[in-house]
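Heads up, the thing below is written out as structure tokens.
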Amino acid sequence: MAYPHRNRPAARPEPSAPFPRTTAPRALSRTAFLGGALTAALTAALLHAPQAAAEPAPEDQAPCVADPEAPPKHQMRAEWIAGVHNIDWPVEQGQSPEEQQADLVDLYDEAVDNGLNAVFVQIRPTADAFWPSPYEPWSEWLTGEQGGDPGYDPLEFAVEEAHARNLEFHAWYNPYRVAMHDDLDALVEDHPARQNPDWVFEYGGKLYYDPGIPEAREFVIEAMMHSVENYDLDGVHFDDYFYPYPVADLELPDEDTYAEYGAEFDDIGDWRRDNVDLMVQGMSEAVKAAKPHVKFGISPFGIWRNSSTDPEGSDTNGSQSYDNQYADSRKWVMEGWLDYINPQVYWEIGLPVADYSVLVPWWEEVAAETGTHLYIGQAAYKVGNAGAWEDPNELSGHLDFNKDHPGVHGDVYFSATSLRTNAQEAMGILVEDHYSSPALVPVKQDLGGTAPAPPKVKARAGGDGTVLDIRPGTGEAPAYYAVYAFDGRPDQEQARCGIEDPRAMLGTVRAGDDGSATFTAPAGTDTTYYVTALHRLHHESRASTPRYLP
């Protein structure tokens, strides 16, 4: 079968190091790889294959010309995994640790099968924690009892399992929501909200920390930062909840807070927006001070403001997050507080009040003025609804549209359960149309980092195919490796330009603690393999010395 053009993604590589599993590993092969089996003679040839160094291209060498039909090599492909109300994970309250772990493993494996490279996992849904936090109680969504010990560390497990599959892990927090009910006394006795009832207001049947109280703002940042400082996160993520969504004929009960803290502001709306800005800026600064490589992003409601309200707004007529959640998401981008903005553009192409094809270019223009990456939030949960969403091609059509907008760096799907239920057919179409080759997470240049040295690779015959044993080159050990395959013998263009086409990529594999890894591809003949090394910020090395299988 010819490389690099393949019809389906690569087989999942073997993990680079043992990791706890509660279900058996899935098969490593897929139907679109090389066929055939290695004989003893081929094994000997493989182990003594000729090698050619992958040197930098001479300055007078023609630059690589990208194939216009090639998919993006770097593209965010992620899903939200929601914990509140047990939407995605945990599936239900009160499961055993083994059951919870098995369910998350299944979600991660499905994410890999769908060609995704990141997960956004909710770990603080309602002023509670999916880790042993010294600030807040164990989440009720884990055990059914707030403060109930789940018997293991869910965040540690979630991060380790994601990284074992080379999925980026973005920890998802809700900053201000305290409870999905309005009974302060129903919280555990030592809950910070009960200890500081003046920090809390009730609105629309729910409890919230008041964003206008400086001590409350400082506390939520400190509580969230405990997980950043103590776990190997790749990203910190907020959704669209700041001040609560408006309830008809119900005013926010923060007039007293405004009277106490808002003297500098003539308008209560401007004061509320400043409160949210202070929290966003404070969290951004805290993350960068603690771990500069950790990305900070927010997924706001898809409309900042309508152009009928503000000439800087989008040509839409929907609800405005600037006015309703007091979320000045455009400012956050312009100020450089975010590494990525992930607006929830949860509407179809052509919807008059909020047209996908209007909002995506608007957000692209906003992000283009900064170094902020733009990912689009996709409404997988709407697939099957009346109208445009009855067509299972709607989601794939969104990515067709995105192709003409290079400022879009990828997509995030809400949510994981929808991708296995109502949106399963739609996601299958999308994968076939857009995710048939692997993709690396986009590089955000202003976070720094350099490409590691090319790795050292040996090849051998394994029971399941061609096994590549990978070791780090000189210098700092990489976070993971990418593996490429081509028909025929090695040549300079493969190592220089061929690896720029993701259709040649078989997949990626996480490095172990010592920097080594093992990748298994189905056996083939007349094939050349290359491996590159990548640090966690996704800078890629030059290609390794080739390994050729006659």
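Residues in the structure tokens are numbered from 1 in each chain, the chains being A, B, ... in the order shown, and ligands are numbered from 1 in the order shown.
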Mind checking which residues fall within 10 Å of A:Thr528, counting only C-alpha atoms, ignoring those fewer than 6 positions away in the same chain, and posting them as a PyMOL selection string?
chain A and resi 3+49+51+484-491+494+546-550
Now that the selection is made, can you save its residues with N, CA, C and O atoms as a PDB file, in the first residue's frame?
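Saved result, again-v4.pdb, follows:
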```pdb
ATOM      1  N   TYR A   3       2.541   4.832   0.517  1.00  0.00           N
ATOM      2  CA  TYR A   3       2.684   5.916   1.477  1.00  0.00           C
ATOM      3  C   TYR A   3       2.999   7.172   0.687  1.00  0.00           C
ATOM      4  O   TYR A   3       3.573   7.098  -0.380  1.00  0.00           O
ATOM      5  N   ALA A  49      19.787  -2.665   8.210  1.00  0.00           N
ATOM      6  CA  ALA A  49      19.397  -1.832   7.074  1.00  0.00           C
ATOM      7  C   ALA A  49      20.368  -0.669   6.898  1.00  0.00           C
ATOM      8  O   ALA A  49      20.891  -0.133   7.881  1.00  0.00           O
ATOM      9  N   GLN A  51      21.640   3.096   6.428  1.00  0.00           N
ATOM     10  CA  GLN A  51      21.147   4.305   7.047  1.00  0.00           C
ATOM     11  C   GLN A  51      21.767   5.515   6.365  1.00  0.00           C
ATOM     12  O   GLN A  51      22.889   5.469   5.892  1.00  0.00           O
ATOM     13  N   TYR A 484       6.971   8.319  10.898  1.00  0.00           N
ATOM     14  CA  TYR A 484       6.569   8.501   9.504  1.00  0.00           C
ATOM     15  C   TYR A 484       7.006   7.278   8.693  1.00  0.00           C
ATOM     16  O   TYR A 484       8.011   6.636   9.006  1.00  0.00           O
ATOM     17  N   ALA A 485       6.283   6.988   7.613  1.00  0.00           N
ATOM     18  CA  ALA A 485       6.640   5.876   6.744  1.00  0.00           C
ATOM     19  C   ALA A 485       6.442   6.270   5.285  1.00  0.00           C
ATOM     20  O   ALA A 485       5.498   7.001   4.942  1.00  0.00           O
ATOM     21  N   PHE A 486       7.344   5.775   4.419  1.00  0.00           N
ATOM     22  CA  PHE A 486       7.304   6.064   2.986  1.00  0.00           C
ATOM     23  C   PHE A 486       7.580   4.789   2.202  1.00  0.00           C
ATOM     24  O   PHE A 486       8.350   3.928   2.649  1.00  0.00           O
ATOM     25  N   ASP A 487       6.990   4.683   1.018  1.00  0.00           N
ATOM     26  CA  ASP A 487       7.352   3.614   0.108  1.00  0.00           C
ATOM     27  C   ASP A 487       8.755   3.839  -0.422  1.00  0.00           C
ATOM     28  O   ASP A 487       9.168   4.978  -0.678  1.00  0.00           O
ATOM     29  N   GLY A 488       9.500   2.771  -0.598  1.00  0.00           N
ATOM     30  CA  GLY A 488      10.798   2.851  -1.246  1.00  0.00           C
ATOM     31  C   GLY A 488      11.941   3.122  -0.305  1.00  0.00           C
ATOM     32  O   GLY A 488      11.796   3.208   0.913  1.00  0.00           O
ATOM     33  N   ARG A 489      13.107   3.258  -0.925  1.00  0.00           N
ATOM     34  CA  ARG A 489      14.348   3.455  -0.170  1.00  0.00           C
ATOM     35  C   ARG A 489      14.458   4.902   0.325  1.00  0.00           C
ATOM     36  O   ARG A 489      13.787   5.793  -0.190  1.00  0.00           O
ATOM     37  N   PRO A 490      15.346   5.115   1.300  1.00  0.00           N
ATOM     38  CA  PRO A 490      15.507   6.472   1.827  1.00  0.00           C
ATOM     39  C   PRO A 490      15.998   7.447   0.769  1.00  0.00           C
ATOM     40  O   PRO A 490      16.772   7.088  -0.116  1.00  0.00           O
ATOM     41  N   ASP A 491      15.533   8.680   0.859  1.00  0.00           N
ATOM     42  CA  ASP A 491      16.117   9.753   0.065  1.00  0.00           C
ATOM     43  C   ASP A 491      15.996  11.060   0.852  1.00  0.00           C
ATOM     44  O   ASP A 491      15.223  11.165   1.803  1.00  0.00           O
ATOM     45  N   GLN A 494      12.519  12.803   1.474  1.00  0.00           N
ATOM     46  CA  GLN A 494      11.654  12.244   2.512  1.00  0.00           C
ATOM     47  C   GLN A 494      11.951  12.893   3.856  1.00  0.00           C
ATOM     48  O   GLN A 494      11.054  13.374   4.553  1.00  0.00           O
ATOM     49  N   PRO A 546      17.157   7.173   8.779  1.00  0.00           N
ATOM     50  CA  PRO A 546      16.083   6.298   8.295  1.00  0.00           C
ATOM     51  C   PRO A 546      16.341   4.838   8.613  1.00  0.00           C
ATOM     52  O   PRO A 546      17.487   4.405   8.748  1.00  0.00           O
ATOM     53  N   ARG A 547      15.260   4.102   8.711  1.00  0.00           N
ATOM     54  CA  ARG A 547      15.305   2.644   8.806  1.00  0.00           C
ATOM     55  C   ARG A 547      14.509   2.089   7.637  1.00  0.00           C
ATOM     56  O   ARG A 547      13.316   2.376   7.500  1.00  0.00           O
ATOM     57  N   TYR A 548      15.201   1.312   6.810  1.00  0.00           N
ATOM     58  CA  TYR A 548      14.594   0.796   5.576  1.00  0.00           C
ATOM     59  C   TYR A 548      14.355  -0.700   5.675  1.00  0.00           C
ATOM     60  O   TYR A 548      15.238  -1.458   6.069  1.00  0.00           O
ATOM     61  N   LEU A 549      13.149  -1.120   5.328  1.00  0.00           N
ATOM     62  CA  LEU A 549      12.797  -2.540   5.288  1.00  0.00           C
ATOM     63  C   LEU A 549      12.668  -2.977   3.839  1.00  0.00           C
ATOM     64  O   LEU A 549      11.764  -2.525   3.131  1.00  0.00           O
ATOM     65  N   PRO A 550      13.581  -3.816   3.325  1.00  0.00           N
ATOM     66  CA  PRO A 550      13.539  -4.235   1.903  1.00  0.00           C
ATOM     67  C   PRO A 550      12.257  -4.998   1.569  1.00  0.00           C
ATOM     68  O   PRO A 550      11.632  -5.577   2.442  1.00  0.00           O
TER      69      PRO A 550
END
```
Near stretch 288-294 of chain A, 10 Å: stretch 360-460 of chain A residue rows, closest pairs, only C-alpha atoms, as JSON lines:
```
{"residue": "A:Lys444", "atom": "CA", "partner": "A:His293", "partner_atom": "CA", "distance": 9.9}
{"residue": "A:Leu447", "atom": "CA", "partner": "A:His293", "partner_atom": "CA", "distance": 6.3}
{"residue": "A:Gly448", "atom": "CA", "partner": "A:His293", "partner_atom": "CA", "distance": 8.1}
{"residue": "A:Gly449", "atom": "CA", "partner": "A:His293", "partner_atom": "CA", "distance": 8.6}
```
Counting only C-alpha atoms, what is within 10 Å of A:Ala479, bar same-chain residues fewer than 5 positions away, as a PDB file with N, CA, C and O atoms, in the first residue's frame?
```pdb
ATOM      1  N   HIS A 163      -1.772  11.298  28.991  1.00  0.00           N
ATOM      2  CA  HIS A 163      -0.411  11.373  28.478  1.00  0.00           C
ATOM      3  C   HIS A 163       0.061  10.027  27.934  1.00  0.00           C
ATOM      4  O   HIS A 163       0.850   9.993  26.981  1.00  0.00           O
ATOM      5  N   ASN A 166      -0.705  10.087  24.584  1.00  0.00           N
ATOM      6  CA  ASN A 166      -0.199  11.329  23.999  1.00  0.00           C
ATOM      7  C   ASN A 166      -1.319  12.317  23.685  1.00  0.00           C
ATOM      8  O   ASN A 166      -1.298  13.024  22.674  1.00  0.00           O
ATOM      9  N   PRO A 452      13.955  19.458  19.997  1.00  0.00           N
ATOM     10  CA  PRO A 452      14.985  18.554  20.529  1.00  0.00           C
ATOM     11  C   PRO A 452      15.859  17.996  19.421  1.00  0.00           C
ATOM     12  O   PRO A 452      15.617  18.208  18.231  1.00  0.00           O
ATOM     13  N   PRO A 472      16.188   8.910  23.010  1.00  0.00           N
ATOM     14  CA  PRO A 472      16.415  10.339  22.766  1.00  0.00           C
ATOM     15  C   PRO A 472      17.817  10.600  22.247  1.00  0.00           C
ATOM     16  O   PRO A 472      18.752   9.837  22.502  1.00  0.00           O
ATOM     17  N   VAL A 509       3.904   8.617  19.869  1.00  0.00           N
ATOM     18  CA  VAL A 509       4.032   7.782  21.050  1.00  0.00           C
ATOM     19  C   VAL A 509       4.725   8.581  22.137  1.00  0.00           C
ATOM     20  O   VAL A 509       5.692   9.308  21.878  1.00  0.00           O
ATOM     21  N   ARG A 510       4.213   8.493  23.355  1.00  0.00           N
ATOM     22  CA  ARG A 510       4.765   9.229  24.487  1.00  0.00           C
ATOM     23  C   ARG A 510       6.093   8.628  24.916  1.00  0.00           C
ATOM     24  O   ARG A 510       6.272   7.401  24.915  1.00  0.00           O
ATOM     25  N   ALA A 511       7.022   9.468  25.292  1.00  0.00           N
ATOM     26  CA  ALA A 511       8.291   8.998  25.827  1.00  0.00           C
ATOM     27  C   ALA A 511       8.131   8.579  27.277  1.00  0.00           C
ATOM     28  O   ALA A 511       7.339   9.166  28.027  1.00  0.00           O
ATOM     29  N   GLY A 512       8.867   7.568  27.675  1.00  0.00           N
ATOM     30  CA  GLY A 512       8.877   7.146  29.062  1.00  0.00           C
ATOM     31  C   GLY A 512       9.740   8.068  29.909  1.00  0.00           C
ATOM     32  O   GLY A 512      10.295   9.059  29.431  1.00  0.00           O
ATOM     33  N   ASP A 513       9.862   7.740  31.174  1.00  0.00           N
ATOM     34  CA  ASP A 513      10.628   8.577  32.090  1.00  0.00           C
ATOM     35  C   ASP A 513      12.085   8.739  31.659  1.00  0.00           C
ATOM     36  O   ASP A 513      12.708   9.772  31.920  1.00  0.00           O
ATOM     37  N   GLY A 515      13.010   8.808  28.541  1.00  0.00           N
ATOM     38  CA  GLY A 515      13.022   9.380  27.203  1.00  0.00           C
ATOM     39  C   GLY A 515      12.860   8.385  26.085  1.00  0.00           C
ATOM     40  O   GLY A 515      12.788   8.768  24.913  1.00  0.00           O
ATOM     41  N   SER A 516      12.789   7.097  26.401  1.00  0.00           N
ATOM     42  CA  SER A 516      12.673   6.079  25.359  1.00  0.00           C
ATOM     43  C   SER A 516      11.215   5.745  25.083  1.00  0.00           C
ATOM     44  O   SER A 516      10.324   6.066  25.875  1.00  0.00           O
ATOM     45  N   ALA A 533      11.505  13.820  17.195  1.00  0.00           N
ATOM     46  CA  ALA A 533      11.295  14.022  18.624  1.00  0.00           C
ATOM     47  C   ALA A 533      10.625  15.381  18.841  1.00  0.00           C
ATOM     48  O   ALA A 533      10.916  16.347  18.132  1.00  0.00           O
ATOM     49  N   LEU A 534       9.729  15.442  19.835  1.00  0.00           N
ATOM     50  CA  LEU A 534       9.028  16.685  20.141  1.00  0.00           C
ATOM     51  C   LEU A 534       9.010  16.913  21.646  1.00  0.00           C
ATOM     52  O   LEU A 534       8.764  15.980  22.424  1.00  0.00           O
ATOM     53  N   HIS A 535       9.271  18.159  22.047  1.00  0.00           N
ATOM     54  CA  HIS A 535       9.064  18.538  23.428  1.00  0.00           C
ATOM     55  C   HIS A 535       7.583  18.788  23.666  1.00  0.00           C
ATOM     56  O   HIS A 535       6.781  18.792  22.732  1.00  0.00           O
ATOM     57  N   ARG A 536       7.188  19.038  24.893  1.00  0.00           N
ATOM     58  CA  ARG A 536       5.765  19.127  25.221  1.00  0.00           C
ATOM     59  C   ARG A 536       5.087  20.331  24.578  1.00  0.00           C
ATOM     60  O   ARG A 536       3.862  20.365  24.473  1.00  0.00           O
ATOM     61  N   LEU A 537       5.855  21.320  24.126  1.00  0.00           N
ATOM     62  CA  LEU A 537       5.276  22.455  23.414  1.00  0.00           C
ATOM     63  C   LEU A 537       5.227  22.224  21.909  1.00  0.00           C
ATOM     64  O   LEU A 537       4.912  23.129  21.145  1.00  0.00           O
ATOM     65  N   HIS A 538       5.587  20.992  21.478  1.00  0.00           N
ATOM     66  CA  HIS A 538       5.334  20.493  20.130  1.00  0.00           C
ATOM     67  C   HIS A 538       6.284  21.020  19.064  1.00  0.00           C
ATOM     68  O   HIS A 538       6.006  20.897  17.875  1.00  0.00           O
TER      69      HIS A 538
END
```
Option closest in space to A:Phe401, from A:Ala439, A:Ala477, A:Val360, A:Ile429 [counting only C-alpha atoms]
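That would be A:Val360, the residue with the smallest distance to A:Phe401.
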The residue from A:Ala162, A:Pro406, A:Glu476, A:Glu425 with the smallest atom-to-atom distance to A:Tyr108, counting only C-alpha atoms, is A:Ala162
Among A:Asp67, A:Glu161, A:Glu312, A:Asp526, A:Trp362 is approached most closely, using only C-alpha atoms, by A:Glu312
| Spatial neighbours of stretch 221-233 of chain A, max dist 6 Å, only C-alpha atoms, sep filter under 4 positions, as a list in words |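 The neighbour list is Tyr135, Phe169 and Met283 of chain A.
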Problem set entry | Counting only C-alpha atoms, the residue of A:Gln492, A:Ser396, A:Thr370, A:Ser541 that sits nearest A:Gly336 |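 Checking each candidate against A:Gly336, we get A:Thr370 as the closest.
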What are the DSSP strand (DSSP E) residues of stretch 268-467 of chain A, as an MDAnalysis selection string? chainID A and resid 295:298 340:341 373:378 408:413 456:462 465:467
Note to self: If DSSP is run on the backbone, what residues of stretch 110-267 of chain A are alpha helix (DSSP H)? A reply as an NGL selection string would be ideal.
What the structure shows: :A and (110-113 or 140-143 or 154-164 or 192-195 or 214-230 or 255-261)
Margin query: Give me the residues near stretch 205-210 of chain A as a list in words, where near means some atom within 6 Å (using only C-alpha atoms) and where sequence neighbours in that chain fewer than 4 positions away do not count.
Written below: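 Contacts, in chain order: Tyr176, Arg177, Val178, Ala179, Met180, His181, Asp182, Trp199, Val200 and Phe201 of chain A.
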For the residues in that selection, give me C-alpha atoms as a PDB file, in the first residue's frame.
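Generated output (part02.pdb):
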```
ATOM      1  CA  TYR A 176     -17.535  31.019  40.445  1.00  0.00           C
ATOM      2  CA  ARG A 177     -20.277  28.390  40.523  1.00  0.00           C
ATOM      3  CA  VAL A 178     -20.662  27.005  44.045  1.00  0.00           C
ATOM      4  CA  ALA A 179     -23.682  24.697  43.785  1.00  0.00           C
ATOM      5  CA  MET A 180     -26.447  23.646  41.409  1.00  0.00           C
ATOM      6  CA  HIS A 181     -28.923  24.319  44.245  1.00  0.00           C
ATOM      7  CA  ASP A 182     -29.594  27.313  46.512  1.00  0.00           C
ATOM      8  CA  TRP A 199     -18.796  35.738  49.560  1.00  0.00           C
ATOM      9  CA  VAL A 200     -21.865  34.010  48.123  1.00  0.00           C
ATOM     10  CA  PHE A 201     -25.081  35.044  46.414  1.00  0.00           C
TER      11      PHE A 201
END
```
Considering only C-alpha atoms, return as a list in words whatever protein or nucleic-acid residues lie within 8 Å of A:Trp337, sequence-local ones (same chain, fewer than 4 positions apart) excluded.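 Close residues of A:Trp337: Val280, Gln281, Ser284, Glu285, Trp332 and Val333 of chain A.
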Set out as a tab-separated table a contact list for stretch 358-415 of chain A and stretch 73-84 of chain A with a cut-off of 7 Å, giving each residue of stretch 358-415 of chain A that qualifies its closest atom pair and distance in Å to one decimal, counting only C-alpha atoms, ordered by chain and rising residue number.
```
residue	atom	partner	partner_atom	distance
A:His409	CA	A:Gln75	CA	5.5
A:Gly410	CA	A:Met76	CA	4.2
A:Asp411	CA	A:Arg77	CA	5.4
A:Val412	CA	A:Ala78	CA	4.5
A:Tyr413	CA	A:Glu79	CA	4.5
A:Phe414	CA	A:Trp80	CA	5.4
A:Ser415	CA	A:Trp80	CA	5.0
```
Keeping only C-alpha atoms, write those residues as a compact mmCIF listing (two decimals), in the first residue's frame.
```
# COMPACT_ATOMS: atom_id res chain seq x y z
CA HIS A 409 -6.06 26.45 14.69
CA GLY A 410 -8.52 23.66 15.45
CA ASP A 411 -11.77 22.58 17.05
CA VAL A 412 -13.15 21.32 20.37
CA TYR A 413 -16.34 19.21 20.54
CA PHE A 414 -19.02 19.30 23.21
CA SER A 415 -19.13 16.76 24.47
```
_Applying 8 Å and only C-alpha atoms, which residues near A:Tyr322 remain after dropping the ones on its own chain fewer than 3 positions away? List them as a count of residues only._
8
